[in-house]
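Participant: What follows is upload_7.csv, CSV, C-alpha atoms and all ligand atoms.
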```csv
chain,number,residue,atom,x,y,z
A,1,VAL,CA,51.6,42.2,-12.6
A,2,SER,CA,50.2,38.7,-13.0
A,3,TRP,CA,53.4,36.6,-13.5
A,4,PRO,CA,55.0,35.2,-10.4
A,5,VAL,CA,58.1,37.0,-9.3
A,6,GLY,CA,61.6,35.9,-10.3
A,7,HIS,CA,60.9,34.1,-13.6
A,8,GLU,CA,61.5,36.9,-16.1
A,9,ALA,CA,63.6,34.8,-18.4
A,10,LEU,CA,60.8,32.2,-18.7
A,11,VAL,CA,58.2,34.9,-19.3
A,12,GLU,CA,60.4,36.2,-22.1
A,13,ALA,CA,60.8,32.7,-23.5
A,14,PHE,CA,57.1,32.2,-23.6
A,15,ARG,CA,56.5,35.6,-25.1
A,16,GLY,CA,58.6,34.6,-28.0
A,17,VAL,CA,57.0,31.2,-28.3
A,18,VAL,CA,53.4,32.6,-28.2
A,19,ALA,CA,54.3,35.4,-30.7
A,20,GLY,CA,55.7,32.9,-33.1
A,21,GLU,CA,52.8,30.5,-32.6
A,22,ARG,CA,55.2,27.8,-31.5
A,23,LEU,CA,53.5,26.6,-28.4
A,24,ALA,CA,54.0,22.9,-27.7
A,25,HIS,CA,51.0,20.8,-26.9
A,26,ALA,CA,52.3,19.7,-23.6
A,27,TYR,CA,54.7,21.2,-21.0
A,28,LEU,CA,56.2,19.7,-17.9
A,29,PHE,CA,56.8,22.5,-15.4
A,30,ALA,CA,59.3,21.1,-12.9
A,31,GLY,CA,60.9,22.8,-9.9
A,32,PRO,CA,60.9,23.0,-6.1
A,33,VAL,CA,57.7,23.6,-4.1
A,34,GLY,CA,56.7,27.2,-3.8
A,35,VAL,CA,58.6,28.9,-6.6
A,36,GLY,CA,55.6,29.8,-8.6
A,37,LYS,CA,55.0,27.0,-11.1
A,38,ARG,CA,51.3,26.8,-10.7
A,39,ALA,CA,50.9,30.6,-10.8
A,40,PHE,CA,52.9,30.7,-14.0
A,41,ALA,CA,50.8,28.0,-15.6
A,42,ARG,CA,47.6,29.9,-14.6
A,43,THR,CA,48.9,33.2,-15.9
A,44,LEU,CA,49.8,31.6,-19.2
A,45,GLY,CA,46.4,30.0,-19.5
A,46,LYS,CA,44.7,33.2,-18.6
A,47,LEU,CA,46.7,35.2,-21.1
A,48,LEU,CA,45.8,32.8,-23.9
A,49,LEU,CA,42.1,33.0,-23.1
A,50,CYS,CA,42.0,36.7,-22.3
A,51,GLU,CA,39.3,38.5,-24.3
A,52,GLY,CA,40.2,42.0,-23.2
A,53,GLN,CA,43.2,44.2,-24.0
A,54,ALA,CA,46.1,41.9,-23.0
A,55,LYS,CA,49.1,44.3,-22.9
A,56,ASP,CA,52.8,43.7,-22.6
A,57,PHE,CA,52.2,39.9,-22.4
A,58,GLN,CA,49.9,40.3,-19.3
A,59,PRO,CA,46.3,39.1,-19.2
A,60,CYS,CA,43.9,42.1,-18.7
A,61,GLY,CA,42.6,40.6,-15.5
A,62,ARG,CA,39.2,42.3,-16.0
A,63,CYS,CA,37.4,40.7,-18.9
A,64,PRO,CA,34.9,37.9,-18.4
A,65,ALA,CA,37.4,35.2,-19.5
A,66,CYS,CA,40.1,36.4,-17.0
A,67,LEU,CA,37.5,36.5,-14.2
A,68,GLN,CA,36.3,33.0,-15.1
A,69,VAL,CA,39.8,31.6,-15.1
A,70,ASP,CA,40.4,33.1,-11.7
A,71,ALA,CA,37.2,31.4,-10.5
A,72,GLU,CA,38.0,28.2,-12.3
A,73,THR,CA,34.7,28.4,-14.1
A,74,HIS,CA,35.9,29.1,-17.7
A,75,PRO,CA,34.7,26.3,-20.0
A,76,ASP,CA,38.1,26.1,-21.7
A,77,PHE,CA,40.2,26.1,-18.6
A,78,HIS,CA,40.6,23.0,-16.5
A,79,VAL,CA,42.7,22.3,-13.4
A,80,ALA,CA,43.0,18.8,-12.0
A,81,ARG,CA,44.5,18.3,-8.6
A,82,ALA,CA,44.6,15.2,-6.4
A,83,PRO,CA,42.1,15.2,-3.6
A,84,GLU,CA,43.3,16.3,-0.2
A,85,ASP,CA,45.0,13.4,1.7
A,86,ALA,CA,45.2,11.3,-1.4
A,87,HIS,CA,48.5,9.6,-1.9
A,88,GLU,CA,48.1,9.0,-5.6
A,89,PHE,CA,46.2,10.6,-8.4
A,90,PRO,CA,43.0,8.6,-8.8
A,91,VAL,CA,42.4,7.2,-12.2
A,92,GLU,CA,38.7,8.2,-12.1
A,93,LEU,CA,39.7,11.8,-11.8
A,94,MET,CA,42.1,11.4,-14.7
A,95,LYS,CA,39.4,10.0,-16.9
A,96,GLU,CA,37.1,12.9,-16.1
A,97,PHE,CA,40.0,15.3,-16.9
A,98,ILE,CA,40.7,13.6,-20.3
A,99,GLY,CA,37.0,13.7,-21.1
A,100,GLN,CA,36.9,17.5,-20.7
A,101,LEU,CA,39.9,17.9,-22.8
A,102,ALA,CA,38.5,15.9,-25.7
A,103,LEU,CA,35.9,18.7,-26.2
A,104,LYS,CA,36.4,21.5,-28.7
A,105,PRO,CA,37.2,24.9,-27.2
A,106,ALA,CA,33.9,26.4,-26.2
A,107,ARG,CA,34.8,30.1,-26.4
A,108,GLY,CA,38.5,30.7,-26.5
A,109,ARG,CA,41.1,29.9,-29.1
A,110,TYR,CA,42.5,27.3,-26.8
A,111,ARG,CA,41.5,24.6,-24.4
A,112,ILE,CA,43.9,24.7,-21.4
A,113,ALA,CA,44.4,21.9,-19.0
A,114,ILE,CA,46.7,22.1,-16.0
A,115,LEU,CA,47.5,18.9,-14.1
A,116,GLU,CA,48.8,19.9,-10.7
A,117,ASP,CA,50.3,17.1,-8.6
A,118,ALA,CA,51.9,15.3,-11.6
A,119,ASP,CA,54.2,13.8,-9.0
A,120,MET,CA,51.2,11.8,-7.7
A,121,LEU,CA,50.4,10.0,-11.0
A,122,ASN,CA,50.4,6.2,-10.4
A,123,ASP,CA,50.9,3.7,-13.3
A,124,GLU,CA,47.2,3.5,-13.9
A,125,SER,CA,46.4,7.2,-14.1
A,126,ALA,CA,49.6,7.9,-16.0
A,127,ASN,CA,48.6,5.2,-18.6
A,128,ALA,CA,45.1,6.6,-18.9
A,129,PHE,CA,46.7,9.9,-19.6
A,130,LEU,CA,49.3,8.7,-22.2
A,131,LYS,CA,47.0,8.6,-25.2
A,132,THR,CA,45.8,12.2,-24.7
A,133,LEU,CA,49.4,13.2,-24.2
A,134,GLU,CA,50.4,11.4,-27.4
A,135,GLU,CA,47.7,12.9,-29.5
A,136,PRO,CA,46.4,16.0,-27.8
A,137,PRO,CA,43.2,17.4,-29.2
A,138,PRO,CA,43.8,20.4,-31.6
A,139,ARG,CA,44.3,23.8,-30.0
A,140,SER,CA,44.8,22.3,-26.6
A,141,LEU,CA,47.6,23.1,-24.2
A,142,LEU,CA,48.5,20.7,-21.4
A,143,ILE,CA,50.7,21.8,-18.5
A,144,LEU,CA,51.9,19.2,-16.0
A,145,VAL,CA,53.2,20.6,-12.7
A,146,ALA,CA,55.7,18.6,-10.8
A,147,THR,CA,58.5,19.0,-8.3
A,148,SER,CA,60.9,16.5,-9.8
A,149,VAL,CA,61.6,15.4,-13.3
A,150,GLU,CA,63.1,12.2,-12.0
A,151,HIS,CA,59.8,11.2,-10.4
A,152,GLN,CA,58.0,11.2,-13.7
A,153,LEU,CA,57.5,8.1,-15.8
A,154,PRO,CA,59.7,8.2,-18.9
A,155,THR,CA,56.7,7.8,-21.1
A,156,ILE,CA,55.2,11.0,-19.6
A,157,ARG,CA,58.5,12.9,-19.6
A,158,SER,CA,59.4,12.1,-23.2
A,159,ARG,CA,56.0,13.5,-24.4
A,160,CYS,CA,56.3,16.9,-22.7
A,161,GLN,CA,58.5,19.8,-23.3
A,162,LEU,CA,60.4,20.3,-20.1
A,163,VAL,CA,60.5,23.8,-18.4
A,164,ARG,CA,62.6,23.9,-15.3
A,165,PHE,CA,61.8,26.4,-12.6
A,166,PRO,CA,64.9,27.2,-10.6
A,167,PRO,CA,64.8,28.1,-6.9
A,168,LEU,CA,64.4,31.8,-6.4
A,169,PRO,CA,67.4,33.9,-5.4
A,170,ALA,CA,67.3,35.2,-1.8
A,171,LYS,CA,67.2,38.8,-3.1
A,172,VAL,CA,64.1,38.2,-5.1
A,173,LEU,CA,62.4,36.5,-2.1
A,174,ALA,CA,63.4,39.4,0.2
A,175,GLU,CA,61.9,41.9,-2.3
A,176,ALA,CA,58.7,39.8,-2.5
A,177,LEU,CA,58.4,39.6,1.3
A,178,LEU,CA,58.8,43.4,1.5
A,179,ALA,CA,56.4,44.0,-1.3
A,180,GLU,CA,53.8,41.8,0.4
A,181,GLY,CA,54.3,43.7,3.7
A,182,LEU,CA,55.1,40.5,5.5
A,183,VAL,CA,58.3,41.8,7.1
A,184,LYS,CA,59.3,45.0,8.9
A,185,SER,CA,62.7,45.6,7.5
A,186,ARG,CA,65.0,44.7,4.5
A,187,GLU,CA,67.3,43.1,7.0
A,188,GLN,CA,64.6,40.8,8.4
A,189,ALA,CA,63.5,40.0,4.8
A,190,LEU,CA,67.0,39.0,3.8
A,191,ARG,CA,67.6,36.9,6.9
A,192,LEU,CA,64.4,35.0,6.3
A,193,ALA,CA,65.0,34.7,2.6
A,194,GLU,CA,68.3,33.0,3.2
A,195,GLN,CA,66.7,30.3,5.2
A,196,CYS,CA,64.2,29.1,2.7
A,197,GLU,CA,66.0,27.4,-0.2
A,198,GLY,CA,64.5,29.5,-2.9
A,199,SER,CA,60.9,28.9,-2.1
A,200,LEU,CA,58.6,31.9,-1.8
A,201,GLU,CA,56.0,29.8,-0.1
A,202,SER,CA,58.5,28.9,2.6
A,203,ALA,CA,59.6,32.5,2.9
A,204,ARG,CA,56.0,33.5,3.4
A,205,GLN,CA,55.6,30.9,6.1
A,206,LEU,CA,58.8,31.9,7.7
A,207,ALA,CA,57.7,35.5,8.0
A,208,ASP,CA,54.9,34.2,10.2
A,209,ALA,CA,55.7,35.4,13.7
A,210,LYS,CA,54.0,32.4,15.3
A,211,LEU,CA,56.1,30.0,13.4
A,212,GLN,CA,59.3,31.8,14.4
A,213,GLU,CA,58.1,31.6,18.0
A,214,PHE,CA,57.6,27.9,17.7
A,215,ARG,CA,61.0,27.5,16.0
A,216,ARG,CA,62.6,29.1,19.1
A,217,LYS,CA,60.6,26.8,21.4
A,218,LEU,CA,61.5,23.7,19.4
A,219,LEU,CA,65.3,24.4,19.3
A,220,ASP,CA,65.4,25.4,23.0
A,221,ALA,CA,63.6,22.2,23.9
A,222,LEU,CA,66.0,20.1,21.9
A,223,ALA,CA,68.9,21.8,23.5
A,224,ALA,CA,67.6,21.3,27.1
A,225,PRO,CA,69.1,18.5,29.1
A,226,ARG,CA,66.1,16.3,29.2
A,227,PRO,CA,63.6,17.1,26.4
A,228,ASP,CA,60.1,15.9,26.9
A,229,SER,CA,59.7,14.1,23.7
A,230,ALA,CA,56.0,13.2,24.0
A,231,ARG,CA,55.0,16.8,24.6
A,232,LEU,CA,57.4,18.1,21.9
A,233,GLY,CA,56.0,15.6,19.4
A,234,MET,CA,52.4,16.8,20.1
A,235,GLU,CA,53.4,20.5,19.8
A,236,LEU,CA,55.1,19.8,16.5
A,237,VAL,CA,52.1,18.1,15.1
A,238,LYS,CA,49.9,20.9,16.3
A,239,CYS,CA,52.1,23.5,14.6
A,240,VAL,CA,52.0,21.5,11.3
A,241,GLU,CA,48.2,21.3,11.5
A,242,GLU,CA,48.0,25.1,11.9
A,243,ALA,CA,49.3,25.4,8.4
A,244,GLY,CA,45.7,24.7,7.2
A,245,LYS,CA,43.6,21.7,6.1
A,246,GLU,CA,45.4,21.1,2.8
A,247,SER,CA,47.9,18.3,3.0
A,248,ALA,CA,50.3,20.0,0.7
A,249,GLY,CA,50.5,23.0,3.0
A,250,GLN,CA,51.0,20.8,6.0
A,251,ARG,CA,53.7,18.8,4.3
A,252,GLN,CA,55.5,22.0,3.4
A,253,ARG,CA,55.2,23.3,7.0
A,254,ALA,CA,56.6,19.9,8.2
A,255,GLN,CA,59.5,20.1,5.8
A,256,LEU,CA,60.3,23.6,7.1
A,257,LEU,CA,60.3,22.6,10.7
A,258,ILE,CA,62.5,19.6,10.0
A,259,ARG,CA,64.8,21.9,8.2
A,260,PHE,CA,65.0,24.2,11.2
A,261,VAL,CA,66.2,21.3,13.3
A,262,THR,CA,68.6,20.0,10.6
A,263,GLU,CA,70.2,23.5,10.1
A,264,PHE,CA,70.4,24.0,13.9
A,265,LEU,CA,72.2,20.6,14.4
A,266,ARG,CA,74.6,21.4,11.5
A,267,SER,CA,75.4,24.8,13.2
A,268,CYS,CA,76.0,22.9,16.5
A,269,LEU,CA,78.4,20.5,14.6
A,270,LEU,CA,80.4,23.5,13.2
A,271,LEU,CA,80.4,25.1,16.7
A,272,GLY,CA,81.7,21.9,18.2
A,273,GLU,CA,84.5,21.9,15.7
A,274,GLY,CA,85.4,25.5,16.5
A,275,ALA,CA,84.3,26.7,13.0
A,276,ALA,CA,82.8,30.1,12.4
A,277,VAL,CA,79.0,29.9,12.3
A,278,ARG,CA,76.5,32.4,10.8
A,279,TRP,CA,73.6,32.3,13.2
A,280,ALA,CA,70.1,32.7,11.7
A,281,ASP,CA,69.0,34.1,15.1
A,282,PRO,CA,71.4,35.2,17.9
A,283,ALA,CA,69.3,33.1,20.3
A,284,ASP,CA,70.4,29.9,18.4
A,285,GLU,CA,73.9,30.3,19.6
A,286,ARG,CA,72.9,30.1,23.2
A,287,SER,CA,71.0,26.9,22.6
A,288,ALA,CA,73.8,25.5,20.5
A,289,ARG,CA,76.4,26.1,23.2
A,290,GLN,CA,74.1,24.3,25.6
A,291,LEU,CA,73.7,21.3,23.3
A,292,THR,CA,77.3,20.9,22.3
A,293,GLN,CA,78.3,20.5,25.9
A,294,ARG,CA,76.6,17.1,26.0
A,295,ALA,CA,76.4,16.0,22.4
A,296,ASP,CA,79.6,15.2,20.5
A,297,ALA,CA,80.0,15.2,16.7
A,298,ASP,CA,78.9,11.6,16.2
A,299,THR,CA,75.8,12.2,18.2
A,300,LEU,CA,74.9,15.3,16.2
A,301,LEU,CA,75.6,13.5,12.9
A,302,GLN,CA,73.2,10.7,14.0
A,303,ALA,CA,70.5,13.2,14.9
A,304,ILE,CA,71.0,14.9,11.5
A,305,GLU,CA,70.6,11.6,9.8
A,306,ARG,CA,67.2,11.1,11.6
A,307,CYS,CA,66.1,14.5,10.3
A,308,LEU,CA,67.0,13.5,6.7
A,309,GLU,CA,65.1,10.3,7.1
A,310,ALA,CA,62.1,12.2,8.3
A,311,GLU,CA,62.3,14.6,5.4
A,312,ALA,CA,62.3,11.7,3.0
A,313,HIS,CA,59.3,10.2,4.8
A,314,VAL,CA,57.4,13.4,4.5
A,315,GLU,CA,58.2,13.6,0.8
A,316,ARG,CA,57.0,10.1,0.3
A,317,ARG,CA,53.8,11.0,1.9
A,318,VAL,CA,54.1,8.8,5.0
A,319,GLN,CA,51.4,9.9,7.4
A,320,LEU,CA,52.6,13.2,8.9
A,321,VAL,CA,51.8,12.6,12.5
A,322,LEU,CA,53.7,9.3,12.5
A,323,ALA,CA,56.7,10.8,10.7
A,324,LEU,CA,56.9,13.8,13.0
A,325,GLU,CA,56.5,11.8,16.2
A,326,ALA,CA,59.1,9.3,15.1
A,327,LEU,CA,61.5,12.1,14.3
A,328,VAL,CA,61.1,13.8,17.7
A,329,ASP,CA,61.5,10.4,19.5
A,330,ALA,CA,64.6,9.6,17.5
A,331,VAL,CA,66.3,13.0,17.8
A,332,THR,CA,65.6,13.4,21.5
A,333,ALA,CA,66.7,9.9,22.3
A,334,THR,CA,69.9,10.4,20.2
A,335,LEU,CA,70.7,13.7,21.8
A,336,SER,CA,70.0,12.4,25.4
A,337,SER,CA,72.1,9.3,25.1
A,338,ARG,CA,75.4,9.5,27.0
A,339,PRO,CA,78.5,9.2,24.9
A,340,ALA,CA,80.4,6.0,25.8
A,341,PRO,CA,83.2,6.8,28.3
A,342,ALA,CA,86.5,7.0,26.5
B,401,ZN,ZN,41.3,39.4,-19.9
```
As structure tokens - that is how I would like this structure written.
Ligand SMILES: [Zn+2]

Facilitator:
Amino acid sequence: VSWPVGHEALVEAFRGVVAGERLAHAYLFAGPVGVGKRAFARTLGKLLLCEGQAKDFQPCGRCPACLQVDAETHPDFHVARAPEDAHEFPVELMKEFIGQLALKPARGRYRIAILEDADMLNDESANAFLKTLEEPPPRSLLILVATSVEHQLPTIRSRCQLVRFPPLPAKVLAEALLAEGLVKSREQALRLAEQCEGSLESARQLADAKLQEFRRKLLDALAAPRPDSARLGMELVKCVEEAGKESAGQRQRAQLLIRFVTEFLRSCLLLGEGAAVRWADPADERSARQLTQRADADTLLQAIERCLEAEAHVERRVQLVLALEALVDAVTATLSSRPAPA
């Protein structure tokens, strides 16, 4: 099966559109990170270019065209992504992309162009793109991939047909983790799936035993009476760098780690108020009891706020090392400060 899991309704919708030859010239695929937008775009492109026996709305996966799409060498299939560590989509790259699109299809019936990182278009590259988007070359299909519709310039948004990719249900994620052999049991799969806000990519990362180990270390360290913030900051950065060289992967890992801390602090807050808490891991409760002895609700709320700030920084592509070190500094300082005597 080539289509990413969990989007059967969208697959059906596109099946109808393709069968009725009603494909739009430009689509904006929008949805959270790691739900399968890029994979969906590639599969659609592959299907439209497939020269073999495409069956049941699946590309054959074996013909020269399918293999070339996989290798990104098909003359009618273009993917543009921002360079690693770039903060914006460079206009030079956009011009190159537009140039490729202006050509007639070389082999296939379509010329397909996928613009990943549409979130990163700046005014200059977006403006360069507008004319192509307004008058796309015949038999071309443009797919822009973005995490948020709101981030897109109105001029871009209004020229694309919007396709929203919802977060994946925990059950679908759990099935995928099991199918990929990343977890040992259904119970473990569900437990992880519930922690990752509908993102398969996060679920895959969560299933990583080393990351779980680091999560434990991080939460225990924050709960300890005098956390060593310099060391913890360094370890956090190291863990993020282990996610690979690509900055998107590192950002995602950073978001996940920040979310671990936020969720843990929220559980502490509930515990302090005597509310029932569903612990993601039984060991969390022990750390939480330790932390709530010295941190009151105000302190915890302040620390949560620091986490949300850090999350926003990571999203805005502030340098990761700076954002993470600042987070650890702020959270440990907040949690270590003595509440004012009543
Ligand atoms: Zn094929």

Participant: Go through chain A residue by residue and, counting all atoms listed in the file, keep those with an atom at most 7 Å from ligand ZN 401 (chain B); for each kept residue give the shortest atom pair and its distance in Å to one decimal, ordered by chain and increasing number, as a tab-separated table.

Facilitator:
```
residue	atom	partner	partner_atom	distance
A:Leu47	CA	B:ZN401	ZN	6.9
A:Cys50	CA	B:ZN401	ZN	3.7
A:Glu51	CA	B:ZN401	ZN	4.9
A:Gly52	CA	B:ZN401	ZN	4.3
A:Gln53	CA	B:ZN401	ZN	6.6
A:Ala54	CA	B:ZN401	ZN	6.2
A:Pro59	CA	B:ZN401	ZN	5.1
A:Cys60	CA	B:ZN401	ZN	3.9
A:Gly61	CA	B:ZN401	ZN	4.7
A:Arg62	CA	B:ZN401	ZN	5.3
A:Cys63	CA	B:ZN401	ZN	4.2
A:Pro64	CA	B:ZN401	ZN	6.7
A:Ala65	CA	B:ZN401	ZN	5.7
A:Cys66	CA	B:ZN401	ZN	4.3
```

Participant: Those same residues - C-alpha atoms - I'd like them written as an mmCIF file, keeping the file's coordinate frame.

Facilitator:
```cif
data_model
loop_
_atom_site.group_PDB
_atom_site.id
_atom_site.type_symbol
_atom_site.label_atom_id
_atom_site.label_comp_id
_atom_site.auth_asym_id
_atom_site.auth_seq_id
_atom_site.Cartn_x
_atom_site.Cartn_y
_atom_site.Cartn_z
ATOM 1 C CA LEU A 47 46.700 35.200 -21.100
ATOM 2 C CA CYS A 50 42.000 36.700 -22.300
ATOM 3 C CA GLU A 51 39.300 38.500 -24.300
ATOM 4 C CA GLY A 52 40.200 42.000 -23.200
ATOM 5 C CA GLN A 53 43.200 44.200 -24.000
ATOM 6 C CA ALA A 54 46.100 41.900 -23.000
ATOM 7 C CA PRO A 59 46.300 39.100 -19.200
ATOM 8 C CA CYS A 60 43.900 42.100 -18.700
ATOM 9 C CA GLY A 61 42.600 40.600 -15.500
ATOM 10 C CA ARG A 62 39.200 42.300 -16.000
ATOM 11 C CA CYS A 63 37.400 40.700 -18.900
ATOM 12 C CA PRO A 64 34.900 37.900 -18.400
ATOM 13 C CA ALA A 65 37.400 35.200 -19.500
ATOM 14 C CA CYS A 66 40.100 36.400 -17.000
#
```

Participant: Excluding Ala118 (chain A) and residues on its chain fewer than 5 positions from it, collect all residues at most 6 Å away from it, counting all atoms listed in the file, and give them as a PyMOL selection string.

Facilitator: chain A and resi 144-146

Participant: Could you take the residues named above and write them with C-alpha atoms, as a PDB file, keeping the file's coordinate frame?

Facilitator:
```
ATOM      1  CA  LEU A 144      51.900  19.200 -16.000  1.00  0.00           C
ATOM      2  CA  VAL A 145      53.200  20.600 -12.700  1.00  0.00           C
ATOM      3  CA  ALA A 146      55.700  18.600 -10.800  1.00  0.00           C
TER       4      ALA A 146
END
```

Participant: Nearest to Glu21 (chain A): which of A:Lys55, A:Arg266, A:Arg139, A:Lys46 is it, counting only C-alpha atoms?

Facilitator: A:Arg139

Participant: Compare A:Gln290, A:Thr147, A:Thr262, A:Ser267 by their minimum atom-to-atom distance to Leu327 (chain A), counting all atoms listed in the file, and give me the closest one.

Facilitator: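 Checking each of A:Gln290, A:Thr147, A:Thr262, A:Ser267 against Leu327 (chain A), counting all atoms listed in the file, the winner is A:Thr262.
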
Participant: For Ser140 (chain A), which of A:Ala323, A:Ala297, A:Ala26, A:Ala207 is the closest residue, counting all atoms listed in the file?

Facilitator: A:Ala26

Participant: Give me, please, the distance in Å between CA of Lys171 (chain A) and CA of Val261 (chain A), quoted to one decimal.

Facilitator: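 These two atoms are separated by 24.0 Å.
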
Participant: Regenerate region 283-290 of chain A at the level of all heavy atoms and dump it as an mmCIF file, in the frame of the given file.

Facilitator:
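Saved result, result.cif, follows:
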```cif
data_model
loop_
_atom_site.group_PDB
_atom_site.id
_atom_site.type_symbol
_atom_site.label_atom_id
_atom_site.label_comp_id
_atom_site.auth_asym_id
_atom_site.auth_seq_id
_atom_site.Cartn_x
_atom_site.Cartn_y
_atom_site.Cartn_z
ATOM 1 N N ALA A 283 69.745 33.979 19.274
ATOM 2 C CA ALA A 283 69.300 33.100 20.300
ATOM 3 C C ALA A 283 69.728 31.617 20.024
ATOM 4 O O ALA A 283 69.839 30.777 20.929
ATOM 5 C CB ALA A 283 67.840 33.175 20.583
ATOM 6 N N ASP A 284 69.947 31.311 18.764
ATOM 7 C CA ASP A 284 70.400 29.900 18.400
ATOM 8 C C ASP A 284 71.690 29.588 19.012
ATOM 9 O O ASP A 284 71.943 28.448 19.386
ATOM 10 C CB ASP A 284 70.487 29.814 16.860
ATOM 11 C CG ASP A 284 69.133 29.836 16.169
ATOM 12 O OD1 ASP A 284 68.111 29.925 16.879
ATOM 13 O OD2 ASP A 284 69.111 29.778 14.928
ATOM 14 N N GLU A 285 72.562 30.591 19.077
ATOM 15 C CA GLU A 285 73.900 30.300 19.600
ATOM 16 C C GLU A 285 73.880 29.847 21.017
ATOM 17 O O GLU A 285 74.593 28.919 21.394
ATOM 18 C CB GLU A 285 74.784 31.580 19.424
ATOM 19 C CG GLU A 285 76.227 31.308 19.798
ATOM 20 C CD GLU A 285 77.151 32.503 19.565
ATOM 21 O OE1 GLU A 285 76.679 33.538 19.050
ATOM 22 O OE2 GLU A 285 78.333 32.377 19.915
ATOM 23 N N ARG A 286 73.026 30.479 21.792
ATOM 24 C CA ARG A 286 72.900 30.100 23.200
ATOM 25 C C ARG A 286 72.485 28.644 23.331
ATOM 26 O O ARG A 286 73.101 27.858 24.050
ATOM 27 C CB ARG A 286 71.884 31.032 23.871
ATOM 28 C CG ARG A 286 71.895 31.028 25.375
ATOM 29 C CD ARG A 286 70.697 31.803 25.887
ATOM 30 N NE ARG A 286 69.465 31.291 25.292
ATOM 31 C CZ ARG A 286 68.444 32.057 24.890
ATOM 32 N NH1 ARG A 286 68.512 33.363 24.998
ATOM 33 N NH2 ARG A 286 67.361 31.507 24.376
ATOM 34 N N SER A 287 71.439 28.266 22.575
ATOM 35 C CA SER A 287 71.000 26.900 22.600
ATOM 36 C C SER A 287 72.048 25.941 22.123
ATOM 37 O O SER A 287 72.240 24.846 22.669
ATOM 38 C CB SER A 287 69.728 26.707 21.757
ATOM 39 O OG SER A 287 68.706 27.518 22.220
ATOM 40 N N ALA A 288 72.746 26.351 21.079
ATOM 41 C CA ALA A 288 73.800 25.500 20.500
ATOM 42 C C ALA A 288 74.896 25.222 21.485
ATOM 43 O O ALA A 288 75.394 24.104 21.592
ATOM 44 C CB ALA A 288 74.315 26.119 19.219
ATOM 45 N N ARG A 289 75.289 26.271 22.226
ATOM 46 C CA ARG A 289 76.400 26.100 23.200
ATOM 47 C C ARG A 289 75.915 25.087 24.285
ATOM 48 O O ARG A 289 76.691 24.252 24.739
ATOM 49 C CB ARG A 289 76.736 27.421 23.863
ATOM 50 C CG ARG A 289 77.409 28.339 22.873
ATOM 51 C CD ARG A 289 78.296 29.400 23.513
ATOM 52 N NE ARG A 289 78.892 30.216 22.469
ATOM 53 C CZ ARG A 289 79.983 29.875 21.776
ATOM 54 N NH1 ARG A 289 80.632 28.755 22.066
ATOM 55 N NH2 ARG A 289 80.435 30.650 20.815
ATOM 56 N N GLN A 290 74.647 25.188 24.646
ATOM 57 C CA GLN A 290 74.100 24.300 25.600
ATOM 58 C C GLN A 290 74.156 22.828 25.118
ATOM 59 O O GLN A 290 74.595 21.916 25.815
ATOM 60 C CB GLN A 290 72.674 24.686 25.964
ATOM 61 C CG GLN A 290 72.106 24.008 27.190
ATOM 62 C CD GLN A 290 70.659 24.441 27.441
ATOM 63 O OE1 GLN A 290 70.030 25.133 26.623
ATOM 64 N NE2 GLN A 290 70.125 24.047 28.569
#
```
